[in-house]
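Note sheet for the following structure.
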Amino acid sequence: MTTVRLCIFQTDYYYEYTECDSAGSRWRVAIPHNLGTCSALPTPTRGTDCSFSCAAGEFLEMSAQQCTTCAAGSYSLGSGVRFDQWDTIPAGFTSLATYMDPGPSGEESQACNSSSWTPQGVYLESSRDECTVSLVYAVHLEQQGSVSFSYQYPDNNIFFEFYVQNEQCQEMAQTDDQKWIKLTTNGEWDTHTVNLKSGTNILYWRTTGILVGGKMVKPVLLRNIQIEGVAYTSECFLCRPGWFSSAPGSSSCQPCPRNTSSHKGAASCTPCPDTQYSHEGWSQCKERPPCSEKDYFQIHTACDSEGKTQVMYRWVEPRICEENVTGAVALPPTGEREACPPCNPGYYNTDDSTCFPCPPGTHSDGTSVCEECPAGTEPVLGYEYKWWNVLPSNMKTSCFNVGNSKCDDMNGWEVAGDHIRSGAGGSDNDYLILNLHVPGFKLPTSLAGMTGTEFGRITFVFETICSADCELYFMMDVNRKSTTVVESWEGSKERQSYTHIMTRNASVSYTWAFQRTNQAQDVRRYISDVVILYSVSVTNVQDGVASACRACALLSQSSQRPGSCIPCPAGFYIDRDTNRCQECPSNTCLSGHHTYGEDACLPCGPGSKSNKEHSRCYSDCSFSHTEHNRTLTFDLSSLSPVASLTIGPSFTSKGTKYLHVFNVSLCGHQGTMAAVCTDNVTDIANKDMGSDSTQFVNSVDSFICQSTIIPADGRGFRMALASQSISLADTFLVPQPQATGSCQRGRSAVMTIRCNPEKTDRGKLTVPSACPAGTCDGCTFHFLWESGSACPRCTQDDYHQIEGACKGGAQETLSVWNEPKLCIKGISLPAKSSAPCEAIALWLKVGVGGGAFLAVLLISLTCYFWKKNKRLEYKYSRLVMSANKECELPVADSCALAEGEEPEDDVVYSHKPSLLGKLRAIANKREGDSSESVQLKSSQSERWVWG
């Protein structure tokens, strides 16, 4: 049973205003703290005007409806609210994680249910994963107002946007620079402000991570959210623990100094006991630990008048350890005095062992006095730091912490003789910063006429020694407009050199920022994790000093000022023998930082040639190749315009859909890199795609570049998001790519062009199936471009002729291409030709004539031998008859011929007589021959003998 009682005490109820009516008036009503338990509440009274508000440091006391000053220990914005305490997510804020893109199987992933914005005490931290997480806050404004917040956004692998909706969840009109938040430098805070309309405003801070490369992203940090335009503040906000406001009517609170603490709503801070300590803004004190090696560091004192220095040890400030307890380590004693290192090149040593820069026109190696440059030479201006006894005047060091300012007064780096190293800092996640300012660049006289793009270069040698997730950033701020990360290195790295080339003349600040860990820690656990910088050199500095002199081109003796240095024209080098300007040979490229001697003219690679100024080598997409005494000519001009290749979609482990887009400019334009990849997230408001894209620090122009694309339908964005733009090839046929943090040998791209007559002139661009992202190691990228225009020009060797049969006294000759045809354009096939011919072929005529001749010869021989055979038979018969008549031997034949006889043939002898020859020899034998007589038998002769 509920008991109803009279509410006569103000502790039983509170006042609120009703909504403003059309006349701009409202009523004050009393509302019990526990509904249904009170009766006889105060009667509603007319309230203040809707436009009424209190000043900063005051609140509206509802009983009297008058502005009242806030007490000490509290603060008020008057017509606004501020959120700067993030021990928990304040009431009214909601963290929402949306589902990921549908995966390849079409199912939605719920891997982001645990993703949210996380309170970290002094700031709010976004999710570090690939999920889309929104921080939402709804506020009702009685008048036009604004929202402003401090943020840190160092990593463009997270897409960070801020937008506003009305009560119908319709997104209010915002410009791109209001919606897309700009990047900040590591460790620095920026403020973003957006105007709000009266009525309900739903504020969204939304982040989306993309971990395509597997690298952990740095989260977005929020603090000090302030909203202006609320009608009134009915109470003051108490200062959070560790902060205080000493005077009434404060509009903000201040952090407690070091070694003090405070509770919530404190008007002053309480000092810590001697055995305890605290950092700025701490709500309680902690016991001091025993001192250890991690609590002190080594320094070198400045050189004294005797040229001596000492190694000393100092406690890390603020000192939090206790020296006079059991187990504590004492501060090591000061070391022996030792000789100071020499001055850096370009400086000279004074009597008091102080190094001063050499006067203009002179030079020194740092160990000797400054000397003037000889005639025919000029000083080489720049910075060259390799001795670190004191910090150079144009360098400064600092320490910065994201969450508090406890290391603001500390040195981030310490000099150590032959190197400079990172300091201790206040905690492991401090940013230890070293900055070098260069006012501008000035090319030497010998290089002034060059048309190349190199104005100077910075080279440094470094080493990192880490046991945790340390990271070294090398950043650049051009003309104090925006700081960008040029390169970064994670974990331990061996001693190595890195070079960055400046392609435009501008004032620039180079920054090295080292962080031992990016995890929020208030302790120094990894104090031994350091980065060591051994040397830094910058060339062609506007107000630099000279460590040496270089030869320059001289005027001829006949001029009015003989021996004076002059700039060589573009593409000319300085001849070593005459010190006169000499043009580089054809198809050579003049080095951007060296012009002395013909070796400064570097030969262009195969298939490339130099431009008129010899400033760069390029390909005009046409070249020839000789193989097996045959010259092949190629024309790739059809492949010269920029081509794009999109690979994907791919999905990360949590379902984020992304695409890889490659832009390829095969030959560029006279060596100019025409492929452009642009990040359209971080500075989208400043990017006018119709203007020169090279002015944007997040735009990459190259021969081949790559971007990672998040499709517009994947996250509900109004446009596709492009990020992680990198250059894959910025020099044609470069002999040695420039090293990067992840690729020690630099990035390179191999483009294989294959002849395929079945393809169009533009053809098809693909990547290897084994490496779907175009690379298997992240450093070497491979592409295959199949095209009909990749085939060589046709020549006479690419076709053959076929002769037809002779028809009607005419013979046709037809030319056909060799199969398979692997050539294009070039010469055309000869037209079909016709030539007169005879019906009977010559070979047939010769054959018939030869056959007839052989037939006649054969008949003649047959008749001849037949006649000879008949004569031989007759002579044989007579010989037999004469040899056997009455058994008498035949008488000798007369030498004379008998009547009716013909002269007999002569006997022909041979080494191997034939059968016919033997018979003729027997028939011609005469009596008296010494040869043996052979009796021939014949049946006919027997009849003649025996009668």
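Each chain in the structure tokens gets a letter, A, B and so on, in the order shown; residues start at 1 in every chain, and ligands are counted from 1 in the order they appear.
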Q.
Excluding Ile827 (chain A) and its own-chain neighbours fewer than 5 positions away, which residues fall within 12 Å of it when counting only C-alpha atoms? Please give them as a ChimeraX atom specification.
A. /A:633,792-799,817
Q: Name all residues at most 12 Å from Asp477 (chain A) (count only C-alpha atoms; drop same-chain ones fewer than 4 positions away) and give them as a list in words.
A: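 Listed by chain and then number, they are Thr184, Thr185, Asn435, Leu436, His437, Val438, Pro439, Lys481, Ser482, Thr483, Thr484, Val485, Val486, Met502, Ala506, Ser507, Val508, Ser509, Tyr510, Thr511, Trp512 and Val697 of chain A.
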Q. Contacts of Glu384 (chain A) at 7 Å or less, counting only C-alpha atoms, minus same-chain residues fewer than 2 places along, as a PyMOL selection string?
A. chain A and resi 344-345+382+386+536-538
(Q) With distances taken over only C-alpha atoms, which residue among A:His800, A:Arg871, A:Lys179, A:Arg576 lies nearest Leu829 (chain A)? (A)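 Answer, going by the shortest atom-to-atom distance: A:His800.
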Q: Enumerate the residues of region 808-874 of chain A with a DSSP assignment of strand (DSSP E or B), computed from the backbone, and present them as an MDAnalysis selection string.
A: chainID A and resid 810:817 824 833:836
Writer output for current selection, N, CA and C atoms, as a CSV table (one decimal), in the first residue's frame:
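Saved the output as out23.csv:
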```csv
chain,number,residue,atom,x,y,z
A,810,ALA,N,47.7,-17.5,-117.1
A,810,ALA,CA,48.0,-16.6,-116.1
A,810,ALA,C,48.1,-17.3,-114.7
A,811,GLN,N,49.1,-16.8,-113.9
A,811,GLN,CA,49.3,-17.4,-112.6
A,811,GLN,C,49.2,-16.3,-111.5
A,812,GLU,N,48.4,-16.6,-110.4
A,812,GLU,CA,48.2,-15.6,-109.3
A,812,GLU,C,49.1,-15.9,-108.1
A,813,THR,N,49.6,-14.8,-107.5
A,813,THR,CA,50.4,-15.0,-106.3
A,813,THR,C,49.7,-14.3,-105.1
A,814,LEU,N,49.5,-15.0,-104.0
A,814,LEU,CA,48.8,-14.4,-102.8
A,814,LEU,C,49.7,-14.4,-101.6
A,815,SER,N,49.6,-13.3,-100.8
A,815,SER,CA,50.4,-13.1,-99.6
A,815,SER,C,49.5,-13.3,-98.4
A,816,VAL,N,50.0,-14.1,-97.4
A,816,VAL,CA,49.2,-14.5,-96.2
A,816,VAL,C,50.2,-14.3,-95.0
A,817,TRP,N,49.6,-13.9,-93.8
A,817,TRP,CA,50.3,-13.8,-92.6
A,817,TRP,C,50.8,-15.1,-92.0
A,824,ILE,N,51.2,-6.2,-85.3
A,824,ILE,CA,50.1,-5.3,-85.6
A,824,ILE,C,50.7,-4.1,-86.5
A,833,SER,N,48.9,-10.6,-106.9
A,833,SER,CA,49.5,-10.3,-108.2
A,833,SER,C,49.3,-11.4,-109.2
A,834,SER,N,49.4,-11.1,-110.5
A,834,SER,CA,49.2,-12.1,-111.5
A,834,SER,C,50.3,-12.0,-112.6
A,835,ALA,N,50.8,-13.1,-113.1
A,835,ALA,CA,51.9,-13.2,-114.1
A,835,ALA,C,51.5,-14.2,-115.2
A,836,PRO,N,52.0,-13.9,-116.4
A,836,PRO,CA,51.7,-14.8,-117.5
A,836,PRO,C,52.4,-16.1,-117.4
```
All residues 9 Å or closer to region 339-343 of chain A, only C-alpha atoms, same chain fewer than 6 positions away omitted, as a short mmCIF file (atom, residue, chain, number, x, y, z; two decimals) with C-alpha atoms, in the first residue's frame:
```cif
data_model
loop_
_atom_site.label_atom_id
_atom_site.label_comp_id
_atom_site.auth_asym_id
_atom_site.auth_seq_id
_atom_site.Cartn_x
_atom_site.Cartn_y
_atom_site.Cartn_z
CA ALA A 302 79.05 21.76 -22.14
CA CYS A 303 82.69 22.25 -23.03
CA ASP A 304 84.60 24.47 -20.64
CA GLU A 306 89.90 24.07 -21.43
CA GLY A 307 87.96 22.07 -24.00
CA LYS A 308 86.88 19.47 -21.45
CA THR A 309 83.51 17.88 -20.76
CA GLN A 310 82.15 15.59 -18.08
CA ASN A 349 86.32 26.28 -32.22
CA SER A 353 85.77 25.98 -26.59
CA THR A 354 82.52 27.26 -28.01
CA CYS A 355 81.62 26.33 -31.59
CA PHE A 356 80.56 29.14 -33.91
CA ASP A 365 85.59 20.44 -41.28
CA GLY A 366 85.04 21.28 -37.61
CA THR A 367 88.60 20.60 -36.49
CA TYR A 385 75.45 17.34 -37.28
CA LYS A 386 77.45 14.35 -36.09
CA TRP A 387 78.76 15.57 -32.71
CA TRP A 388 76.24 16.13 -29.96
CA ASN A 389 77.87 17.83 -27.02
CA GLY A 417 78.69 13.01 -27.41
CA ASP A 418 78.68 11.05 -30.64
#
```
Q | Counting only C-alpha atoms, the residue of A:Ser497, A:Ser748, A:Tyr348, A:Leu533 that sits nearest Trp413 (chain A) | A |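 Closest residue, counting only C-alpha atoms: A:Leu533.
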Q: Using only C-alpha atoms, pick whichever of A:Met751, A:Phe160, A:Cys358, A:Val147 has the shortest atom-to-atom distance to His192 (chain A).
A: A:Val147
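Here CA of Cys285 (chain A) stands at a distance of 17.5 Å from CA of Gln254 (chain A).
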Give me the residues within 9 Å of Cys705 (chain A) as a short mmCIF file (atom, residue, chain, number, x, y, z; two decimals) with C-alpha atoms, in the first residue's frame, counting only C-alpha atoms and dropping any in the same chain fewer than 4 places off.
```
data_model
loop_
_atom_site.label_atom_id
_atom_site.label_comp_id
_atom_site.auth_asym_id
_atom_site.auth_seq_id
_atom_site.Cartn_x
_atom_site.Cartn_y
_atom_site.Cartn_z
CA VAL A 661 42.68 0.51 -56.67
CA PHE A 662 45.86 0.88 -58.74
CA ASN A 663 46.37 3.81 -61.10
CA VAL A 664 49.01 3.19 -63.75
CA SER A 665 50.71 5.76 -65.99
CA ALA A 675 48.88 8.64 -62.06
CA VAL A 676 47.31 10.30 -59.00
CA CYS A 677 45.97 8.64 -55.83
CA VAL A 700 50.33 10.97 -54.38
CA ASP A 701 51.41 11.38 -58.00
CA SER A 725 47.52 6.19 -50.85
CA ILE A 726 51.11 5.16 -51.57
CA SER A 727 53.50 5.44 -54.50
CA LEU A 728 54.72 2.16 -55.99
CA ALA A 729 56.95 3.57 -58.74
CA ASP A 730 57.99 7.21 -59.03
#
```
(Q) Considering only C-alpha atoms, can you say which of A:Lys764, A:Arg314, A:His782, A:Lys218 comes closest to Ala749 (chain A)? (A)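 The closest residue to Ala749 (chain A) is A:His782.
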Q) Could you name the residues that touch region 225-230 of chain A at 9 Å or less, counting only C-alpha atoms, but leaving out those on the same chain fewer than 2 positions away, as a ChimeraX atom specification? A) /A:53,77-84,139-150,196-198,222-223,232-233
Q. CA of Ala553 (chain A) to CA of Tyr596 (chain A): how many Å, to one decimal?
A.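 Between these atoms lies a distance of 8.9 Å.
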Q.
Taking 2 positions as the minimum chain separation for residues in the same chain, which residues sit within 9 Å of Cys621 (chain A) when counting only C-alpha atoms? Answer as a list in words.
A.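 Listing them by chain and then by number gives Gly607, Ser608, Tyr618, Ser619, Phe623, Phe634, Asp635, Leu636, Ser637, Ser638, Leu639, Ser640, Leu666 and Cys667 of chain A.
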Q: Choose the residue, out of A:Ser787, A:Thr175, A:Tyr163, A:Tyr13, that has the smallest atom-to-atom separation from Cys38 (chain A); count only C-alpha atoms.
A: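 Among the listed residues, the smallest separation from Cys38 (chain A) belongs to A:Tyr13.
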(Q) Could you tell me how far CA of His660 (chain A) sits from CA of Val767 (chain A), in Å to one decimal place? (A)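 Taking CA of Val767 (chain A) and CA of His660 (chain A), their separation equals 11.4 Å.
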